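Structure file start_37.cif (mmCIF, C-alpha atoms) is printed below.
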data_work
#
loop_
_atom_site.label_atom_id
_atom_site.label_comp_id
_atom_site.auth_asym_id
_atom_site.auth_seq_id
_atom_site.Cartn_x
_atom_site.Cartn_y
_atom_site.Cartn_z
CA MET A 166 -6.04 -16.92 -7.71
CA SER A 167 -3.18 -16.88 -5.20
CA ARG A 168 -2.23 -20.49 -5.97
CA LEU A 169 -2.33 -19.83 -9.73
CA THR A 170 -0.21 -16.68 -9.64
CA ARG A 171 2.41 -18.30 -7.40
CA LEU A 172 3.18 -20.77 -10.19
CA ILE A 173 5.26 -18.03 -11.82
CA ARG A 174 7.76 -18.44 -8.98
CA GLU A 175 8.77 -21.80 -10.49
CA ASP A 176 10.13 -19.92 -13.52
CA ARG A 177 13.91 -19.35 -13.31
CA GLU A 178 13.67 -15.89 -14.86
CA TYR A 179 11.19 -14.78 -12.20
CA SER A 180 13.52 -16.10 -9.50
CA ASN A 181 16.36 -14.01 -10.98
CA TYR A 182 14.09 -10.98 -11.09
CA ALA A 183 12.93 -11.50 -7.48
CA SER A 184 16.56 -11.67 -6.31
CA ALA A 185 17.40 -8.48 -8.23
CA LEU A 186 14.35 -6.74 -6.72
CA ALA A 187 15.31 -7.73 -3.17
CA GLU A 188 18.86 -6.52 -3.73
CA ALA A 189 17.69 -3.23 -5.27
CA MET A 190 15.44 -2.53 -2.28
CA ARG A 191 18.46 -2.71 0.03
CA LEU A 192 20.34 -0.03 -1.90
CA PRO A 193 20.00 3.71 -1.10
CA LYS A 194 19.70 4.54 -4.82
CA PRO A 195 18.65 1.41 -6.73
CA LEU A 196 18.83 1.20 -10.51
CA PRO A 197 15.62 0.45 -12.45
CA ILE A 198 14.79 -3.11 -13.47
CA ALA A 199 13.30 -3.56 -16.96
CA VAL A 200 10.98 -6.51 -17.62
CA SER A 201 9.46 -7.34 -21.02
CA GLY A 202 7.81 -10.19 -22.91
CA LEU A 203 4.88 -10.71 -20.54
CA ALA A 204 1.28 -10.94 -21.68
CA GLY A 205 -2.12 -12.07 -20.43
CA GLY A 206 -2.09 -14.25 -17.33
CA ALA A 207 1.70 -14.15 -17.04
CA GLN A 208 1.62 -10.37 -16.76
CA ASP A 209 -1.11 -10.52 -14.09
CA ALA A 210 0.81 -13.13 -12.10
CA PHE A 211 4.02 -11.11 -12.39
CA ILE A 212 2.38 -7.94 -11.03
CA ILE A 213 0.64 -9.72 -8.16
CA GLU A 214 3.71 -11.64 -7.01
CA SER A 215 6.00 -8.60 -7.47
CA VAL A 216 3.75 -6.58 -5.16
CA ARG A 217 3.80 -9.39 -2.60
CA ASP A 218 7.60 -9.60 -2.79
CA ALA A 219 7.99 -5.86 -2.32
CA LEU A 220 5.69 -5.83 0.72
CA ASP A 221 7.38 -8.89 2.22
CA SER A 222 10.73 -7.11 1.83
CA GLY A 223 9.49 -4.32 4.09
CA ALA A 224 8.44 -1.66 1.57
CA SER A 225 6.41 1.06 3.29
CA ALA A 226 4.58 1.72 0.01
CA VAL A 227 4.39 0.14 -3.44
CA THR A 228 3.32 2.51 -6.21
CA LEU A 229 2.07 1.27 -9.58
CA ILE A 230 1.67 3.87 -12.36
CA LEU A 231 -1.03 3.16 -14.96
CA PRO A 232 -1.83 4.92 -18.29
CA ASP A 233 -5.35 5.98 -17.27
CA ASP A 234 -8.12 5.55 -14.70
CA ALA A 235 -9.74 2.67 -16.63
CA GLU A 236 -6.59 0.55 -16.37
CA LEU A 237 -6.15 1.69 -12.77
CA ASP A 238 -9.61 0.36 -11.88
CA ALA A 239 -8.96 -2.90 -13.75
CA LEU A 240 -5.68 -3.51 -11.89
CA ALA A 241 -7.31 -2.62 -8.58
CA ALA A 242 -9.93 -5.32 -9.21
CA LEU A 243 -7.16 -7.81 -10.06
CA LEU A 244 -5.19 -7.09 -6.87
CA VAL A 245 -8.27 -7.18 -4.64
CA GLY A 246 -9.20 -10.52 -6.20
CA ALA A 247 -5.74 -11.77 -5.21
CA GLY A 248 -6.29 -10.65 -1.61
CA ILE A 249 -4.10 -7.53 -1.84
CA ARG A 250 -5.53 -4.31 -0.39
CA CYS A 251 -4.78 -1.33 -2.61
CA ARG A 252 -5.74 2.33 -2.87
CA GLY A 253 -6.41 4.46 -5.94
CA TYR A 254 -4.66 7.86 -6.05
CA LYS A 255 -6.54 9.61 -8.85
CA ARG A 256 -6.20 12.95 -10.56
CA ARG A 257 -8.14 15.85 -9.06
CA ASP A 258 -9.88 18.34 -11.32
CA LEU A 259 -8.69 21.93 -11.09
CA VAL A 260 -11.56 24.42 -10.58
CA PHE A 261 -10.83 28.04 -11.53
CA HIS A 262 -14.26 29.56 -10.90
CA ASN A 263 -16.61 29.85 -7.94
CA VAL A 264 -18.73 26.71 -7.99
CA ASN A 265 -19.86 24.13 -5.45
CA ALA A 266 -17.78 21.08 -6.35
CA SER A 267 -17.37 17.68 -4.74
CA ARG A 268 -14.23 17.28 -2.63
CA GLU A 269 -14.38 13.48 -2.68
CA ILE A 270 -11.22 13.08 -4.78
CA GLU A 271 -9.25 15.48 -2.56
CA ARG A 272 -10.34 13.58 0.55
CA GLU A 273 -9.44 10.25 -1.04
CA ARG A 274 -5.99 11.55 -2.03
CA LEU A 275 -5.35 12.76 1.54
CA SER A 276 -6.47 9.40 2.88
CA VAL A 277 -4.00 7.61 0.59
CA LEU A 278 -1.18 9.94 1.67
CA SER A 279 -2.05 9.20 5.30
CA ASP A 280 -1.80 5.46 4.60
CA ILE A 281 1.64 5.98 3.02
CA SER A 282 2.91 8.04 5.96
CA SER A 283 1.80 5.34 8.41
CA GLY A 284 4.57 3.09 7.04
CA GLU A 285 2.45 -0.05 7.41
CA GLY A 286 2.77 -1.22 3.80
CA CYS A 287 0.42 0.39 1.30
CA VAL A 288 -0.19 -0.44 -2.37
CA VAL A 289 -1.03 2.71 -4.34
CA LEU A 290 -2.34 2.76 -7.91
CA THR A 291 -2.06 6.04 -9.76
CA THR A 292 -1.56 7.64 -13.17
CA LEU A 293 1.30 9.87 -14.25
CA THR A 294 -0.99 12.93 -14.30
CA ALA A 295 -2.31 12.25 -10.79
CA GLY A 296 1.13 11.54 -9.39
CA LEU A 297 2.56 14.81 -10.72
CA GLN A 298 -0.10 17.02 -9.13
CA TYR A 299 1.18 19.01 -6.16
CA THR A 300 0.02 17.92 -2.71
CA LEU A 301 0.91 18.34 0.97
CA PRO A 302 4.45 17.57 2.15
CA GLY A 303 4.56 14.62 4.55
CA ARG A 304 5.59 16.83 7.47
CA GLU A 305 2.65 19.18 6.93
CA LEU A 306 0.22 16.27 6.67
CA SER A 307 1.48 14.92 10.00
CA ARG A 308 1.13 18.36 11.61
CA LEU A 309 -2.50 18.67 10.51
CA SER A 310 -3.49 15.12 11.44
CA ILE A 311 -5.58 14.48 14.56
CA PHE A 312 -5.02 11.31 16.64
CA LEU A 313 -7.72 10.48 19.18
CA SER A 314 -8.09 7.75 21.77
CA SER A 315 -9.83 7.32 25.11
CA GLY A 316 -8.17 9.66 27.58
CA THR A 317 -7.05 12.25 25.03
CA LEU A 318 -7.27 15.73 26.56
CA LEU A 319 -9.27 17.80 24.08
CA SER A 320 -12.53 19.69 24.48
CA PRO A 321 -15.49 19.27 22.06
CA ALA A 322 -15.14 22.92 21.05
CA GLU A 323 -11.43 22.48 20.26
CA LEU A 324 -12.09 19.40 18.14
CA ALA A 325 -14.89 21.19 16.27
CA GLU A 326 -12.54 24.11 15.57
CA LYS A 327 -9.83 21.74 14.28
CA LEU A 328 -12.31 20.00 11.98
CA LEU A 329 -13.46 23.35 10.56
CA THR A 330 -9.82 24.29 9.93
CA LEU A 331 -9.33 21.01 8.05
CA GLY A 332 -12.29 21.74 5.77
CA PHE A 333 -15.01 19.67 7.44
CA LEU A 334 -18.56 20.98 7.10
CA SER A 335 -20.70 21.52 10.21
CA VAL A 336 -24.16 19.89 9.78
CA ASP A 337 -27.11 18.82 11.93
CA ALA A 338 -26.65 15.10 11.20
CA VAL A 339 -23.68 13.46 9.50
CA ASP A 340 -24.59 11.70 6.26
CA GLY A 341 -21.44 12.09 4.15
CA VAL A 342 -17.67 12.14 4.25
CA GLY A 343 -16.17 15.47 5.35
CA GLN A 344 -19.01 16.41 7.71
CA PHE A 345 -19.29 16.76 11.49
CA ALA A 346 -22.11 17.44 13.94
CA ARG A 347 -21.79 18.50 17.57
CA ARG A 348 -24.37 18.23 20.32
CA GLY A 349 -22.95 19.28 23.69
CA GLY A 350 -20.38 16.70 24.77
CA ILE A 351 -20.94 14.45 21.73
CA LEU A 352 -19.31 15.05 18.36
CA ASP A 353 -19.87 12.95 15.24
CA PHE A 354 -17.64 13.20 12.18
CA TRP A 355 -16.91 11.21 9.02
CA SER A 356 -13.30 11.07 7.90
CA ALA A 357 -12.26 9.93 4.42
CA GLU A 358 -10.23 7.16 6.11
CA CYS A 359 -13.32 5.62 7.76
CA ASP A 360 -16.03 3.45 6.23
CA MET A 361 -18.56 4.85 8.71
CA PRO A 362 -18.97 8.02 10.80
CA VAL A 363 -17.25 8.13 14.20
CA ARG A 364 -18.79 9.39 17.44
CA ILE A 365 -16.60 10.98 20.11
CA GLU A 366 -18.15 11.16 23.58
CA PHE A 367 -16.48 13.55 26.01
CA PHE A 368 -16.29 13.66 29.78
CA GLY A 369 -15.54 17.31 30.33
CA ASP A 370 -12.45 18.08 28.22
CA GLU A 371 -11.39 14.44 27.87
CA VAL A 372 -12.29 11.85 25.23
CA ASP A 373 -14.31 9.21 27.06
CA ARG A 374 -15.57 6.85 24.33
CA ILE A 375 -15.12 6.38 20.57
CA THR A 376 -17.63 4.40 18.51
CA GLU A 377 -18.66 3.81 14.91
CA ILE A 378 -22.20 4.91 14.12
CA GLN A 379 -24.73 4.58 11.33
CA ALA A 380 -24.97 7.68 9.14
CA VAL A 381 -28.03 9.92 9.78
CA THR A 382 -29.64 7.64 12.41
CA GLY A 383 -26.64 7.76 14.77
CA GLU A 384 -27.12 4.10 15.79
CA VAL A 385 -23.94 2.78 17.41
CA LYS A 386 -22.40 -0.04 15.34
CA GLY A 387 -19.25 -0.80 17.31
CA VAL A 388 -16.70 0.48 19.83
CA LEU A 389 -13.28 1.58 18.55
#

Just give me the structure as structure tokens.
Amino acid sequence: MSRLTRLIREDREYSNYASALAEAMRLPKPLPIAVSGLAGGAQDAFIIESVRDALDSGASAVTLILPDDAELDALAALLVGAGIRCRGYKRRDLVFHNVNASREIERERLSVLSDISSGEGCVVLTTLTAGLQYTLPGRELSRLSIFLSSGTLLSPAELAEKLLTLGFLSVDAVDGVGQFARRGGILDFWSAECDMPVRIEFFGDEVDRITEIQAVTGEVKGVL
């Protein structure tokens, strides 16, 4: 797909657009750029190459706003097929009564915001409704984030307390996102940003080893 979509770069109008985009990204308050007349494969190629151009120009995040979740999922499949990693930032349902509800969407939204704040170049797909919902300010998200590595001074009890404060659920064995389990100097938890649970092994009040583990069984899959 990459070779096919790059053919649009041979079009003079796309070259003019790419130059305008690069110039706009250098301005503190760029004016919008309107593009029309695209359909089918040309539209797909335009989106894919525009995202690549924005990332190559140093954009910390590229946000694409779609009409609904169905089109969001379709565009996500298109970008992934072109080798572009993207994240979906979907609308969360508002619950006004006492009921046990899944927090998966909230965790996914926080994970996307964390990717954006990292400044490493993130492609975010969202809808107008999802984008307008209130969320954490970037400064507050940074304050609540936990960064761990070998040698970090933090006791198992302190980490467990931080995870509880952040909404993690204490369980006997981790089998889902948003859970943690502690056994003495070993603490397992599954963050929304991780594909697998993470095990933190402590030596006293210091992080000694960090590994990925298999959910439920606790089998170590790799060292982080």

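By all atoms listed in the file, and with residues fewer than 4 positions from segment 228-242 of chain A along its chain excluded, the set lying at most 7 Å from it is A:Gly246, A:Cys251, A:Val288, A:Val289, A:Leu290, A:Thr291, A:Thr292, A:Leu293.
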
Prev. selection, C-alpha atoms, output as a compact mmCIF listing (two decimals), in the coordinates of the input:
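Here's the written file again.txt:
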# COMPACT_ATOMS: atom_id res chain seq x y z
CA GLY A 246 -9.20 -10.52 -6.20
CA CYS A 251 -4.78 -1.33 -2.61
CA VAL A 288 -0.19 -0.44 -2.37
CA VAL A 289 -1.03 2.71 -4.34
CA LEU A 290 -2.34 2.76 -7.91
CA THR A 291 -2.06 6.04 -9.76
CA THR A 292 -1.56 7.64 -13.17
CA LEU A 293 1.30 9.87 -14.25

So what does the PyMOL selection byres ((chain A and resi 352-359) around 9) actually pick up in this one, as a PDB file with C-alpha atoms, in the frame of the given file?
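Everything below was put into selection26.pdb:
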ATOM      1  CA  GLU A 269     -14.380  13.480  -2.680  1.00  0.00           C
ATOM      2  CA  ARG A 272     -10.340  13.580   0.550  1.00  0.00           C
ATOM      3  CA  GLU A 273      -9.440  10.250  -1.040  1.00  0.00           C
ATOM      4  CA  LEU A 275      -5.350  12.760   1.540  1.00  0.00           C
ATOM      5  CA  SER A 276      -6.470   9.400   2.880  1.00  0.00           C
ATOM      6  CA  VAL A 277      -4.000   7.610   0.590  1.00  0.00           C
ATOM      7  CA  SER A 279      -2.050   9.200   5.300  1.00  0.00           C
ATOM      8  CA  ASP A 280      -1.800   5.460   4.600  1.00  0.00           C
ATOM      9  CA  PRO A 321     -15.490  19.270  22.060  1.00  0.00           C
ATOM     10  CA  LEU A 324     -12.090  19.400  18.140  1.00  0.00           C
ATOM     11  CA  ALA A 325     -14.890  21.190  16.270  1.00  0.00           C
ATOM     12  CA  LEU A 328     -12.310  20.000  11.980  1.00  0.00           C
ATOM     13  CA  PHE A 333     -15.010  19.670   7.440  1.00  0.00           C
ATOM     14  CA  ALA A 338     -26.650  15.100  11.200  1.00  0.00           C
ATOM     15  CA  VAL A 339     -23.680  13.460   9.500  1.00  0.00           C
ATOM     16  CA  ASP A 340     -24.590  11.700   6.260  1.00  0.00           C
ATOM     17  CA  GLY A 341     -21.440  12.090   4.150  1.00  0.00           C
ATOM     18  CA  VAL A 342     -17.670  12.140   4.250  1.00  0.00           C
ATOM     19  CA  GLY A 343     -16.170  15.470   5.350  1.00  0.00           C
ATOM     20  CA  GLN A 344     -19.010  16.410   7.710  1.00  0.00           C
ATOM     21  CA  PHE A 345     -19.290  16.760  11.490  1.00  0.00           C
ATOM     22  CA  ALA A 346     -22.110  17.440  13.940  1.00  0.00           C
ATOM     23  CA  ARG A 347     -21.790  18.500  17.570  1.00  0.00           C
ATOM     24  CA  ARG A 348     -24.370  18.230  20.320  1.00  0.00           C
ATOM     25  CA  GLY A 349     -22.950  19.280  23.690  1.00  0.00           C
ATOM     26  CA  GLY A 350     -20.380  16.700  24.770  1.00  0.00           C
ATOM     27  CA  ILE A 351     -20.940  14.450  21.730  1.00  0.00           C
ATOM     28  CA  ASP A 360     -16.030   3.450   6.230  1.00  0.00           C
ATOM     29  CA  MET A 361     -18.560   4.850   8.710  1.00  0.00           C
ATOM     30  CA  PRO A 362     -18.970   8.020  10.800  1.00  0.00           C
ATOM     31  CA  VAL A 363     -17.250   8.130  14.200  1.00  0.00           C
ATOM     32  CA  ARG A 364     -18.790   9.390  17.440  1.00  0.00           C
ATOM     33  CA  ILE A 365     -16.600  10.980  20.110  1.00  0.00           C
ATOM     34  CA  GLU A 366     -18.150  11.160  23.580  1.00  0.00           C
ATOM     35  CA  PHE A 367     -16.480  13.550  26.010  1.00  0.00           C
ATOM     36  CA  ILE A 378     -22.200   4.910  14.120  1.00  0.00           C
ATOM     37  CA  ALA A 380     -24.970   7.680   9.140  1.00  0.00           C
ATOM     38  CA  GLY A 383     -26.640   7.760  14.770  1.00  0.00           C
TER      39      GLY A 383
END

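Distance-wise, atom CA of Ile375 of chain A and atom CA of Asp337 of chain A end up 19.3 Å apart.
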
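Closest approach to Gly205 of chain A among A:Thr382, A:Leu306, A:Thr170, A:Met190: A:Thr170, based on all atoms listed in the file.
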
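Between atom CA of Arg374 of chain A and atom CA of Gly316 of chain A the interatomic distance comes to 8.6 Å.
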
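The shortest atom-to-atom distance to Leu313 of chain A, with all atoms listed in the file taken into account, belongs to A:Leu389 out of A:Val227, A:Leu389, A:Leu172, A:Ala247.
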
**Message:** Running the PyMOL selection byres ((chain A and resi 319) around 6) on this model by hand, what would come out? Give it as a PyMOL selection string.
**Reply:** chain A and resi 318+320+370-371

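As for atom CA of Asp209 of chain A and atom CA of Gly248 of chain A, they are spaced 13.5 Å apart.
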
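Comparing the minimum interatomic distances between Arg274 of chain A and each of A:Cys287, A:Ile249, A:Leu243, A:Leu301, counting all atoms listed in the file, we find that A:Leu301 sits nearest.
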
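Counting only C-alpha atoms and comparing A:Lys327, A:Arg191, A:Arg308, A:Arg168, the residue that lies closest to Ile213 of chain A is A:Arg168.
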
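With all atoms listed in the file taken into account, the protein and nucleic acid residues at most 9 Å from segment 175-184 of chain A (excluding it and anything under 4 positions from it in its own chain) are Arg171, Glu188, Ala189, Ile198, Val200, Phe211, Ser215 and Asp218 of chain A.
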
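Among A:Gly369, A:Ala295, A:Arg217, A:Pro197, the residue with the shortest atom-to-atom distance to Ala322 of chain A, counting all atoms listed in the file, is A:Gly369.
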
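Nearest-residue note for Arg304 of chain A: choosing from A:Lys255, A:Glu323, A:Ser282, A:Ala226, the minimum distance belongs to A:Ser282, counting all atoms listed in the file.
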